[in-house]
Amino acid sequence: MRVTLETVAKAIDGEIIGDGSIEITGVAGIREAREGELTFLANPRYEPYLEQTRASAVIVAENHRTTAKTLIRNSNPYLAFLKAVCLFRGEERRPDPGTHPTAVIAADAVVDPTAWIGPHVVIEPGASIGADVLIHAGGYVGAGAAVGAGSCLYPRVTVGEGCRLGERVIVHSGAVIGSDGFGFVRDGDRYRKVPQIGNVLVEDDVEIGANVTIDRAAMGSTRIGRGSKIDNLVQIGHNVHIGEHCIIVAQVGISGSTKVGDNAMLAGQVGVVGHIEIGAGAQIGAKSGVSKSVKPGEKVFGYPALPVAQAMRIEAVNRHLPELAQSVRALRRRIEELEGGTNGSPQR
Amino acid sequence: MRVTLETVAKAIDGEIIGDGSIEITGVAGIREAREGELTFLANPRYEPYLEQTRASAVIVAENHRTTAKTLIRNSNPYLAFLKAVCLFRGEERRPDPGTHPTAVIAADAVVDPTAWIGPHVVIEPGASIGADVLIHAGGYVGAGAAVGAGSCLYPRVTVGEGCRLGERVIVHSGAVIGSDGFGFVRDGDRYRKVPQIGNVLVEDDVEIGANVTIDRAAMGSTRIGRGSKIDNLVQIGHNVHIGEHCIIVAQVGISGSTKVGDNAMLAGQVGVVGHIEIGAGAQIGAKSGVSKSVKPGEKVFGYPALPVAQAMRIEAVNRHLPELAQSVRALRRRIEELEGGTNGSPQR
Amino acid sequence: MRVTLETVAKAIDGEIIGDGSIEITGVAGIREAREGELTFLANPRYEPYLEQTRASAVIVAENHRTTAKTLIRNSNPYLAFLKAVCLFRGEERRPDPGTHPTAVIAADAVVDPTAWIGPHVVIEPGASIGADVLIHAGGYVGAGAAVGAGSCLYPRVTVGEGCRLGERVIVHSGAVIGSDGFGFVRDGDRYRKVPQIGNVLVEDDVEIGANVTIDRAAMGSTRIGRGSKIDNLVQIGHNVHIGEHCIIVAQVGISGSTKVGDNAMLAGQVGVVGHIEIGAGAQIGAKSGVSKSVKPGEKVFGYPALPVAQAMRIEAVNRHLPELAQSVRALRRRIEELEGGTNGSPQR
């Protein structure tokens with residue numbers, strides 16, 4: 001595919017600084033791009049690559065300085081680039097509707113005729129699969145579970161009994177939706193299992209990463225709000241409620257019954273205790289351990305997590321702790337001298 | 001289902017405070033319960049909900065104060081509630097014994113006729129499957145492996161060659177029991193693999209969460225003791241021994257050859273180095289990094305983990321580190337003034 | 001199997017200290033070994049077991065002191081023991097070449113006739129499977145993907161569309177290679193998905209643990225260098241490049257576009273932010289949170305990660321923070337007294 005830069009700029013709604021007649025043959029990252037390709041610059045960390053890149057044009061922010069490079073300015077360079085990627089990628093291949101002969105589908109399951117059910121998929125009694133759904137090889141949809149229209153389950157996804165996925169949900173390989181919550185009660189010298197009789201509700205436009213685990217509620221529902229995006233290997237405990245449009249990065253763990261407000265962001269490897277609330281729009285720094293509720297819009301960091309400004313002040317001192325301890329020892333010596341002077345140490 | 005509160009109280013061995021003739025239609029959490037339902041109060045954090053809940057009756061602790069609400073008192077409210085849940089849930093559906101025609105079972109594998117082997121399950125030569133076992137869709141039982149009576153493997157569980165599960169073991173979807181231990185030895189400029197020729201032994205009444213990984217021993221056995229409960233996404237290294245009735249919360253990692261005593265509790269995201277011992281009854285706080293052995297009954301917390309009381313004292317000071325540094329600077333100025341006075345700073 | 005110690009010593013290139021004519025019947029760890037067996041001592045922590053072990057002979061380091069035990073000295077006791085393990089284990093069973101009748105293989109996929117394709121495996125159009133490859137039950141190889149000669153995929157591995165595995169690659173159960181990178185861009189009040197159109201390249205002799213997730217590149221390739229070993233439940237983000245002969249221990253997470261140099265070691269549960277460089281030969285201590293690039297050969301530890309010597313000095317003071325705070329309070333009192341003396345506190 002070859003188009004002029006002008007055509008690309010029009011498609012992605014950008015302003016060209018330079019020659020719009022040059023031909024663009026593809027898209028690539030700023031370090032990998034070759035001549036003829038279009039790239040973008042969104043992260044200031046990559047600014048030095050702007051002069052080095054072999055790309056023929058670069059999408060930059062609206063207020064970006066001009067350079068020798070041909071540029072396209074746009075208020076959101078990454079989003080504009082994403083549109084360019086879609087332009088060059090063309091249509092995705094998708095399997096034709098139908099059911100692979102090796103799939104095992106219960107007689108009373110309802111599968112929309114526009115869905116694709118891949119090899120070795122199992123759909124249990126009472127389950128329902130919506131229009132245009134793709135369930136790839138080895139998927140499992142439990143009894144009475146539902147997968148909404150336009151959703152895509154990559155190979156080997158498990159959707160447990162009674163769990164419900166909304167529309168346009170994407171679930172990556174190996175994810176488990178609806179495993180039992182971790183509920184046990186001590187009875188003498190052993191534990192008894194608390195039956196986990198609730199389910200998981202995943203709302204529209206959620207994306208769930210590879211090998212993620214989301215436990216069903218003890219009673220009621222574990223809930224993932226509309227538009228939220230969950231990265232790989234995340235653990236969501238029973239009765240957790242995730243709000244809408246949240247970002248939950250890889251290997252985060254959220255314990256039972258915690259509520260996460262809309263638009264919250266939890267960075268990688270964060271751990272959150274059970275029964276607390278993370279307010280709407282809160283941001284939790286990577287690897288933080290959160291043991292208390294976080295206010296809406298608050299940014300916290302650390303183990304245990306504290307407001308970011310406080311955590312940074314503490315960390316700045318912490319880095320010089322040995323010098324602080326040394327200072328204290330030096331002051332003690334000086335005080336001893338002073339005391340010696342005023343107390344008349346020679347007499348001692 | 002409708003029963004009187006009196007009937008429920010008798011079934012769960014509780015003492016009614018209020019009208020025992022009211023009708024109970026179901027069970028629910030204290031915040032979700034509706035009129036006619038029974039709920040419980042075990043965590044003091046939920047005390048405020050006691051007045052607000054729409055539940056018609058609440059199971060509380062033996063010594064709980066009376067209120068306007070109808071109560072059932074029991075020494076263990078959660079356990080009592082669990083019994084009520086079972087009462088209302090009735091019998092679980094389970095598949096009839098037999099083997100799905102798509103399952104692939106080796107000629108010399110031994111499968112008890114009361115077991116259920118689901119679609120696309122694979123059972124390799126020499127494996128044995130006990131009475132009343134359920135192996136759901138896509139399960140894999142390796143050569144010579146054994147699954148004890150009454151156990152349940154949810155969809156897509158892997159039990160590697162030669163591994164052995166006891167009776168009434170529950171394994172959730174995607175768990176891998178018997179992957180190779182991580183054993184390599186440097187040989188010049190590359191690593192050589194150490195053959196992992198041991199297995200995994202899982203004793204009776206163990207529960208293993210979704211997408212858990214338990215490595216086989218290099219030699220001998222990795223062992224999970226009777227009644228222990230392992231949450232999702234936990235990693236257990238080769239030759240680890242977990243005692244009986246332990247609780248291992250989600251995303252914990254335990255490195256090779258470490259021993260965990262009976263009744264120990266490891267909270268979420270804890271990491272434990274290899275070749276150490278966690279004593280019986282020890283408790284490790286969430287996200288702790290444990291690099292030294294922990295005594296029986298000891299409670300530790302932090303990174304690196306310290307006895308909880310010590311960790312809390314340190315943390316209390318740590319939170320005010322910037323103020324401490326400021327104090328030291330202020331003291332230095334005061335000392336300088338004092339020194340100026342006694343040393344006669346004007347002469348300087 | 002029974003061989004003389006002399007035969008073993010010759011096979012593993014070791015020097016016998018003691019009677020070479022004794023018979024060896026097997027191999028075992030130093031604590032588990034029984035009479036007749038050979039064991040080894042590599043970790044100094046196990047030195048006390050040298051006198052206690054029931055093993056009939058012990059492989060030790062070249063410069064190890066003599067004892068009452070029969071020894072084999074070798075410059076690398078663990079490697080020597082590994083050779084002994086292979087000697088006693090004999091040949092591994094492997095399935096005969098062929099394709100299980102339940103496997104679903106696209107007409108235009110290329111499968112080498114010496115490969116074994118197990119039950120319920122799915123191989124999509126355009127995929128290629130090399131000589132002597134083993135793909136165990138439930139494996140999935142996406143469209144246009146490739147698995148190089150001599151590789152082994154344990155049950156239920158997913159290799160996504162267009163991903164390429166080199167020769168002699170081992171992938172453990174449940175691993176997902178080629179899930180979508182976590183790329184979203186905010187567009188008003190919701191997130192839009194950035195198409196992930198790159199792939200994953202896994203070079204020769206790599207080993208990948210159970211339930212690992214490796215995301216495909218947004219564009220270009222996520223790359224795992226030759227000979228690197230990745231433990232269970234590790235997360236590798238999109239466009240990450242791992243060098244050659246790296247060791248990545250369980251539950252590590254590496255965020256997008258980060259580069260890890262050759263021979264680096266990342267201990268368990270380490271987290272690394274995106275877009276940085278871990279230099280060749282760098283070592284990252286367990287559970288560290290790495291937010292800045294690490295120099296080649298540097299050893300870092302902690303959260304946030306600092307050079308190990310600095311981290312240890314800080315930690316040593318941190319452990320006595322409460323005493324430090326107390327010292328500061330005591331000094332303040334002494335200064336107040338001094339000030340009282342010199343300033344004439346009685347007048348105040």
# chains A, B, ... in the order shown; residues from 1 in each chain; ligands from 1
>>> residues_around(residues="Val147 in chain B", least_positions_apart="2", cutoff="12 Å", atoms="only C-alpha atoms", output="PDB file with N, CA and C atoms, in the first residue's frame")
ATOM      1  N   ALA B 109      -4.832 -46.920  31.162  1.00  0.00           N
ATOM      2  CA  ALA B 109      -5.187 -46.039  32.276  1.00  0.00           C
ATOM      3  C   ALA B 109      -6.344 -46.682  33.029  1.00  0.00           C
ATOM      4  N   VAL B 110      -6.412 -46.427  34.341  1.00  0.00           N
ATOM      5  CA  VAL B 110      -7.489 -47.013  35.150  1.00  0.00           C
ATOM      6  C   VAL B 110      -8.435 -45.904  35.579  1.00  0.00           C
ATOM      7  N   VAL B 111      -9.657 -45.947  35.088  1.00  0.00           N
ATOM      8  CA  VAL B 111     -10.638 -44.927  35.416  1.00  0.00           C
ATOM      9  C   VAL B 111     -11.794 -45.580  36.158  1.00  0.00           C
ATOM     10  N   ASP B 112     -12.044 -45.145  37.386  1.00  0.00           N
ATOM     11  CA  ASP B 112     -13.142 -45.707  38.163  1.00  0.00           C
ATOM     12  C   ASP B 112     -14.472 -45.461  37.434  1.00  0.00           C
ATOM     13  N   ALA B 115     -16.450 -42.230  37.991  1.00  0.00           N
ATOM     14  CA  ALA B 115     -15.857 -40.933  37.648  1.00  0.00           C
ATOM     15  C   ALA B 115     -16.521 -40.351  36.405  1.00  0.00           C
ATOM     16  N   ILE B 117     -15.480 -38.142  33.085  1.00  0.00           N
ATOM     17  CA  ILE B 117     -14.358 -37.629  32.289  1.00  0.00           C
ATOM     18  C   ILE B 117     -14.971 -36.799  31.165  1.00  0.00           C
ATOM     19  N   ILE B 123      -6.124 -38.611  29.114  1.00  0.00           N
ATOM     20  CA  ILE B 123      -5.562 -39.377  30.236  1.00  0.00           C
ATOM     21  C   ILE B 123      -4.524 -40.324  29.665  1.00  0.00           C
ATOM     22  N   GLY B 126      -1.081 -45.475  32.056  1.00  0.00           N
ATOM     23  CA  GLY B 126      -0.698 -45.759  33.432  1.00  0.00           C
ATOM     24  C   GLY B 126      -1.313 -44.830  34.459  1.00  0.00           C
ATOM     25  N   ALA B 127      -2.089 -43.831  34.017  1.00  0.00           N
ATOM     26  CA  ALA B 127      -2.720 -42.921  34.979  1.00  0.00           C
ATOM     27  C   ALA B 127      -3.881 -43.625  35.654  1.00  0.00           C
ATOM     28  N   SER B 128      -4.246 -43.144  36.868  1.00  0.00           N
ATOM     29  CA  SER B 128      -5.397 -43.745  37.535  1.00  0.00           C
ATOM     30  C   SER B 128      -6.303 -42.650  38.093  1.00  0.00           C
ATOM     31  N   ILE B 129      -7.598 -42.841  37.907  1.00  0.00           N
ATOM     32  CA  ILE B 129      -8.607 -41.859  38.288  1.00  0.00           C
ATOM     33  C   ILE B 129      -9.562 -42.548  39.260  1.00  0.00           C
ATOM     34  N   GLY B 130      -9.707 -41.972  40.489  1.00  0.00           N
ATOM     35  CA  GLY B 130     -10.456 -42.633  41.544  1.00  0.00           C
ATOM     36  C   GLY B 130     -11.969 -42.480  41.423  1.00  0.00           C
ATOM     37  N   ALA B 131     -12.658 -43.017  42.433  1.00  0.00           N
ATOM     38  CA  ALA B 131     -14.123 -42.985  42.461  1.00  0.00           C
ATOM     39  C   ALA B 131     -14.635 -41.554  42.560  1.00  0.00           C
ATOM     40  N   ASP B 132     -15.753 -41.311  41.869  1.00  0.00           N
ATOM     41  CA  ASP B 132     -16.467 -40.027  41.980  1.00  0.00           C
ATOM     42  C   ASP B 132     -15.635 -38.818  41.563  1.00  0.00           C
ATOM     43  N   VAL B 133     -14.561 -39.029  40.854  1.00  0.00           N
ATOM     44  CA  VAL B 133     -13.750 -37.902  40.376  1.00  0.00           C
ATOM     45  C   VAL B 133     -14.477 -37.204  39.224  1.00  0.00           C
ATOM     46  N   LEU B 134     -14.361 -35.874  39.171  1.00  0.00           N
ATOM     47  CA  LEU B 134     -14.839 -35.101  38.023  1.00  0.00           C
ATOM     48  C   LEU B 134     -13.621 -34.472  37.340  1.00  0.00           C
ATOM     49  N   ILE B 135     -13.443 -34.778  36.050  1.00  0.00           N
ATOM     50  CA  ILE B 135     -12.392 -34.082  35.295  1.00  0.00           C
ATOM     51  C   ILE B 135     -13.095 -33.348  34.161  1.00  0.00           C
ATOM     52  N   GLY B 139      -9.116 -31.240  30.468  1.00  0.00           N
ATOM     53  CA  GLY B 139      -8.144 -31.631  31.483  1.00  0.00           C
ATOM     54  C   GLY B 139      -7.097 -32.578  30.926  1.00  0.00           C
ATOM     55  N   TYR B 140      -5.934 -32.620  31.585  1.00  0.00           N
ATOM     56  CA  TYR B 140      -4.837 -33.481  31.145  1.00  0.00           C
ATOM     57  C   TYR B 140      -4.234 -34.174  32.361  1.00  0.00           C
ATOM     58  N   VAL B 141      -4.191 -35.491  32.316  1.00  0.00           N
ATOM     59  CA  VAL B 141      -3.571 -36.265  33.394  1.00  0.00           C
ATOM     60  C   VAL B 141      -2.451 -37.085  32.766  1.00  0.00           C
ATOM     61  N   GLY B 142      -1.207 -36.769  33.156  1.00  0.00           N
ATOM     62  CA  GLY B 142      -0.043 -37.351  32.496  1.00  0.00           C
ATOM     63  C   GLY B 142       0.188 -38.824  32.826  1.00  0.00           C
ATOM     64  N   ALA B 143       1.162 -39.397  32.164  1.00  0.00           N
ATOM     65  CA  ALA B 143       1.488 -40.813  32.309  1.00  0.00           C
ATOM     66  C   ALA B 143       1.790 -41.143  33.768  1.00  0.00           C
ATOM     67  N   GLY B 144       1.154 -42.178  34.269  1.00  0.00           N
ATOM     68  CA  GLY B 144       1.436 -42.640  35.624  1.00  0.00           C
ATOM     69  C   GLY B 144       0.940 -41.735  36.726  1.00  0.00           C
ATOM     70  N   ALA B 145       0.222 -40.667  36.393  1.00  0.00           N
ATOM     71  CA  ALA B 145      -0.300 -39.764  37.419  1.00  0.00           C
ATOM     72  C   ALA B 145      -1.552 -40.368  38.054  1.00  0.00           C
ATOM     73  N   ALA B 149      -9.943 -40.294  44.961  1.00  0.00           N
ATOM     74  CA  ALA B 149     -11.409 -40.328  45.002  1.00  0.00           C
ATOM     75  C   ALA B 149     -12.002 -38.990  45.419  1.00  0.00           C
ATOM     76  N   GLY B 150     -13.095 -38.624  44.752  1.00  0.00           N
ATOM     77  CA  GLY B 150     -13.834 -37.437  45.142  1.00  0.00           C
ATOM     78  C   GLY B 150     -13.205 -36.126  44.712  1.00  0.00           C
ATOM     79  N   SER B 151     -12.113 -36.178  43.984  1.00  0.00           N
ATOM     80  CA  SER B 151     -11.458 -34.936  43.544  1.00  0.00           C
ATOM     81  C   SER B 151     -12.191 -34.341  42.352  1.00  0.00           C
ATOM     82  N   CYS B 152     -11.995 -33.019  42.157  1.00  0.00           N
ATOM     83  CA  CYS B 152     -12.639 -32.301  41.058  1.00  0.00           C
ATOM     84  C   CYS B 152     -11.617 -31.421  40.360  1.00  0.00           C
ATOM     85  N   LEU B 153     -11.415 -31.654  39.068  1.00  0.00           N
ATOM     86  CA  LEU B 153     -10.538 -30.800  38.264  1.00  0.00           C
ATOM     87  C   LEU B 153     -11.417 -29.965  37.347  1.00  0.00           C
ATOM     88  N   VAL B 157      -7.223 -28.185  33.448  1.00  0.00           N
ATOM     89  CA  VAL B 157      -6.169 -28.404  34.451  1.00  0.00           C
ATOM     90  C   VAL B 157      -5.143 -29.388  33.891  1.00  0.00           C
ATOM     91  N   THR B 158      -3.866 -29.139  34.183  1.00  0.00           N
ATOM     92  CA  THR B 158      -2.798 -30.060  33.781  1.00  0.00           C
ATOM     93  C   THR B 158      -2.201 -30.742  35.011  1.00  0.00           C
ATOM     94  N   VAL B 159      -2.213 -32.055  35.021  1.00  0.00           N
ATOM     95  CA  VAL B 159      -1.518 -32.828  36.060  1.00  0.00           C
ATOM     96  C   VAL B 159      -0.412 -33.597  35.342  1.00  0.00           C
ATOM     97  N   GLY B 160       0.831 -33.217  35.609  1.00  0.00           N
ATOM     98  CA  GLY B 160       1.944 -33.780  34.851  1.00  0.00           C
ATOM     99  C   GLY B 160       2.244 -35.235  35.204  1.00  0.00           C
ATOM    100  N   GLU B 161       3.091 -35.813  34.384  1.00  0.00           N
ATOM    101  CA  GLU B 161       3.532 -37.203  34.509  1.00  0.00           C
ATOM    102  C   GLU B 161       3.946 -37.544  35.943  1.00  0.00           C
ATOM    103  N   GLY B 162       3.373 -38.612  36.460  1.00  0.00           N
ATOM    104  CA  GLY B 162       3.818 -39.134  37.746  1.00  0.00           C
ATOM    105  C   GLY B 162       3.354 -38.365  38.973  1.00  0.00           C
ATOM    106  N   CYS B 163       2.604 -37.268  38.788  1.00  0.00           N
ATOM    107  CA  CYS B 163       2.140 -36.502  39.954  1.00  0.00           C
ATOM    108  C   CYS B 163       0.925 -37.188  40.573  1.00  0.00           C
ATOM    109  N   ARG B 164       0.728 -36.964  41.876  1.00  0.00           N
ATOM    110  CA  ARG B 164      -0.322 -37.686  42.584  1.00  0.00           C
ATOM    111  C   ARG B 164      -1.164 -36.725  43.415  1.00  0.00           C
ATOM    112  N   LEU B 165      -2.471 -36.777  43.180  1.00  0.00           N
ATOM    113  CA  LEU B 165      -3.419 -35.976  43.961  1.00  0.00           C
ATOM    114  C   LEU B 165      -4.177 -36.909  44.896  1.00  0.00           C
ATOM    115  N   GLY B 166      -4.356 -36.476  46.152  1.00  0.00           N
ATOM    116  CA  GLY B 166      -5.081 -37.267  47.132  1.00  0.00           C
ATOM    117  C   GLY B 166      -6.584 -37.228  46.898  1.00  0.00           C
ATOM    118  N   GLU B 167      -7.336 -37.465  47.973  1.00  0.00           N
ATOM    119  CA  GLU B 167      -8.797 -37.515  47.877  1.00  0.00           C
ATOM    120  C   GLU B 167      -9.394 -36.125  48.140  1.00  0.00           C
ATOM    121  N   ARG B 168     -10.529 -35.893  47.496  1.00  0.00           N
ATOM    122  CA  ARG B 168     -11.279 -34.629  47.665  1.00  0.00           C
ATOM    123  C   ARG B 168     -10.430 -33.393  47.377  1.00  0.00           C
ATOM    124  N   VAL B 169      -9.508 -33.513  46.447  1.00  0.00           N
ATOM    125  CA  VAL B 169      -8.709 -32.351  46.026  1.00  0.00           C
ATOM    126  C   VAL B 169      -9.510 -31.575  44.977  1.00  0.00           C
ATOM    127  N   ILE B 170      -9.524 -30.236  45.104  1.00  0.00           N
ATOM    128  CA  ILE B 170     -10.182 -29.377  44.114  1.00  0.00           C
ATOM    129  C   ILE B 170      -9.109 -28.570  43.401  1.00  0.00           C
ATOM    130  N   VAL B 171      -9.122 -28.610  42.075  1.00  0.00           N
ATOM    131  CA  VAL B 171      -8.147 -27.832  41.299  1.00  0.00           C
ATOM    132  C   VAL B 171      -8.904 -26.961  40.306  1.00  0.00           C
ATOM    133  N   ILE B 177       0.090 -28.574  37.520  1.00  0.00           N
ATOM    134  CA  ILE B 177       0.725 -29.316  38.603  1.00  0.00           C
ATOM    135  C   ILE B 177       1.766 -30.231  37.984  1.00  0.00           C
ATOM    136  N   VAL B 200       5.074 -34.222  42.003  1.00  0.00           N
ATOM    137  CA  VAL B 200       4.328 -33.413  42.970  1.00  0.00           C
ATOM    138  C   VAL B 200       3.354 -34.329  43.690  1.00  0.00           C
ATOM    139  N   LEU B 201       3.320 -34.228  45.015  1.00  0.00           N
ATOM    140  CA  LEU B 201       2.336 -34.959  45.818  1.00  0.00           C
ATOM    141  C   LEU B 201       1.385 -33.947  46.450  1.00  0.00           C
ATOM    142  N   VAL B 202       0.107 -34.079  46.150  1.00  0.00           N
ATOM    143  CA  VAL B 202      -0.898 -33.204  46.734  1.00  0.00           C
ATOM    144  C   VAL B 202      -1.764 -34.070  47.644  1.00  0.00           C
ATOM    145  N   GLU B 203      -1.777 -33.746  48.928  1.00  0.00           N
ATOM    146  CA  GLU B 203      -2.486 -34.606  49.878  1.00  0.00           C
ATOM    147  C   GLU B 203      -3.997 -34.335  49.890  1.00  0.00           C
ATOM    148  N   ASP B 204      -4.719 -35.080  50.708  1.00  0.00           N
ATOM    149  CA  ASP B 204      -6.179 -34.990  50.749  1.00  0.00           C
ATOM    150  C   ASP B 204      -6.671 -33.581  51.096  1.00  0.00           C
TER     151      ASP B 204
END
>>> interface_residues(of="chain A", to="chain C", cutoff="7 Å", atoms="only C-alpha atoms", output="MDAnalysis selection string")
chainID A and resid 28:29 78:79 82 120 172:174 210:211 227 231:232 245 287 319 321:322 325 328 332
>>> residues_around(residues="range 11-15 of chain B", least_positions_apart="6", cutoff="6 Å", atoms="only C-alpha atoms", output="PyMOL selection string")
chain B and resi 72-74+80+83
>>> write_last_selection(atoms="C-alpha atoms", output="mmCIF file, in the first residue's frame")
data_model
loop_
_atom_site.group_PDB
_atom_site.id
_atom_site.type_symbol
_atom_site.label_atom_id
_atom_site.label_comp_id
_atom_site.auth_asym_id
_atom_site.auth_seq_id
_atom_site.Cartn_x
_atom_site.Cartn_y
_atom_site.Cartn_z
ATOM 1 C CA ILE B 72 -29.170 -15.489 65.586
ATOM 2 C CA ARG B 73 -26.227 -15.783 67.941
ATOM 3 C CA ASN B 74 -23.500 -18.344 67.265
ATOM 4 C CA ALA B 80 -22.961 -20.729 60.835
ATOM 5 C CA LYS B 83 -24.193 -23.867 56.899
#
>>> atom_distance(atom1="CA of Ala286 in chain B", atom2="CA of Thr222 in chain A")
22.0 Å
>>> select_by_dssp(residues="range 153-294 of chain A", states="strand (DSSP E)", output="PyMOL selection string")
chain A and resi 153+158-159+164-165+170-171+176-179+184-187+190-193+199-202+207-208+213-215+221-224+229-230+235-236+241-242+247-248+253-254+259-260+265-266+271-272+277-278+283-284+289-290
>>> residues_around(residues="Ala264 in chain B", least_positions_apart="2", cutoff="10 Å", atoms="only C-alpha atoms", output="list in words")
Ser228, Ile242, Gly243, Glu244, His245, Cys246, Ile247, Ile248, Val260, Gly261, Asp262, Leu266, Ala267, Ile278, Gly279, Ala280, Gly281, Ala282, Gln283, Ile284, Pro296, Gly297, Glu298 and Lys299 of chain B
>>> atom_distance(atom1="CA of Ala309 in chain A", atom2="CA of Pro307 in chain C")
23.6 Å
>>> atom_distance(atom1="CA of Gly148 in chain C", atom2="CA of Arg93 in chain C")
20.5 Å
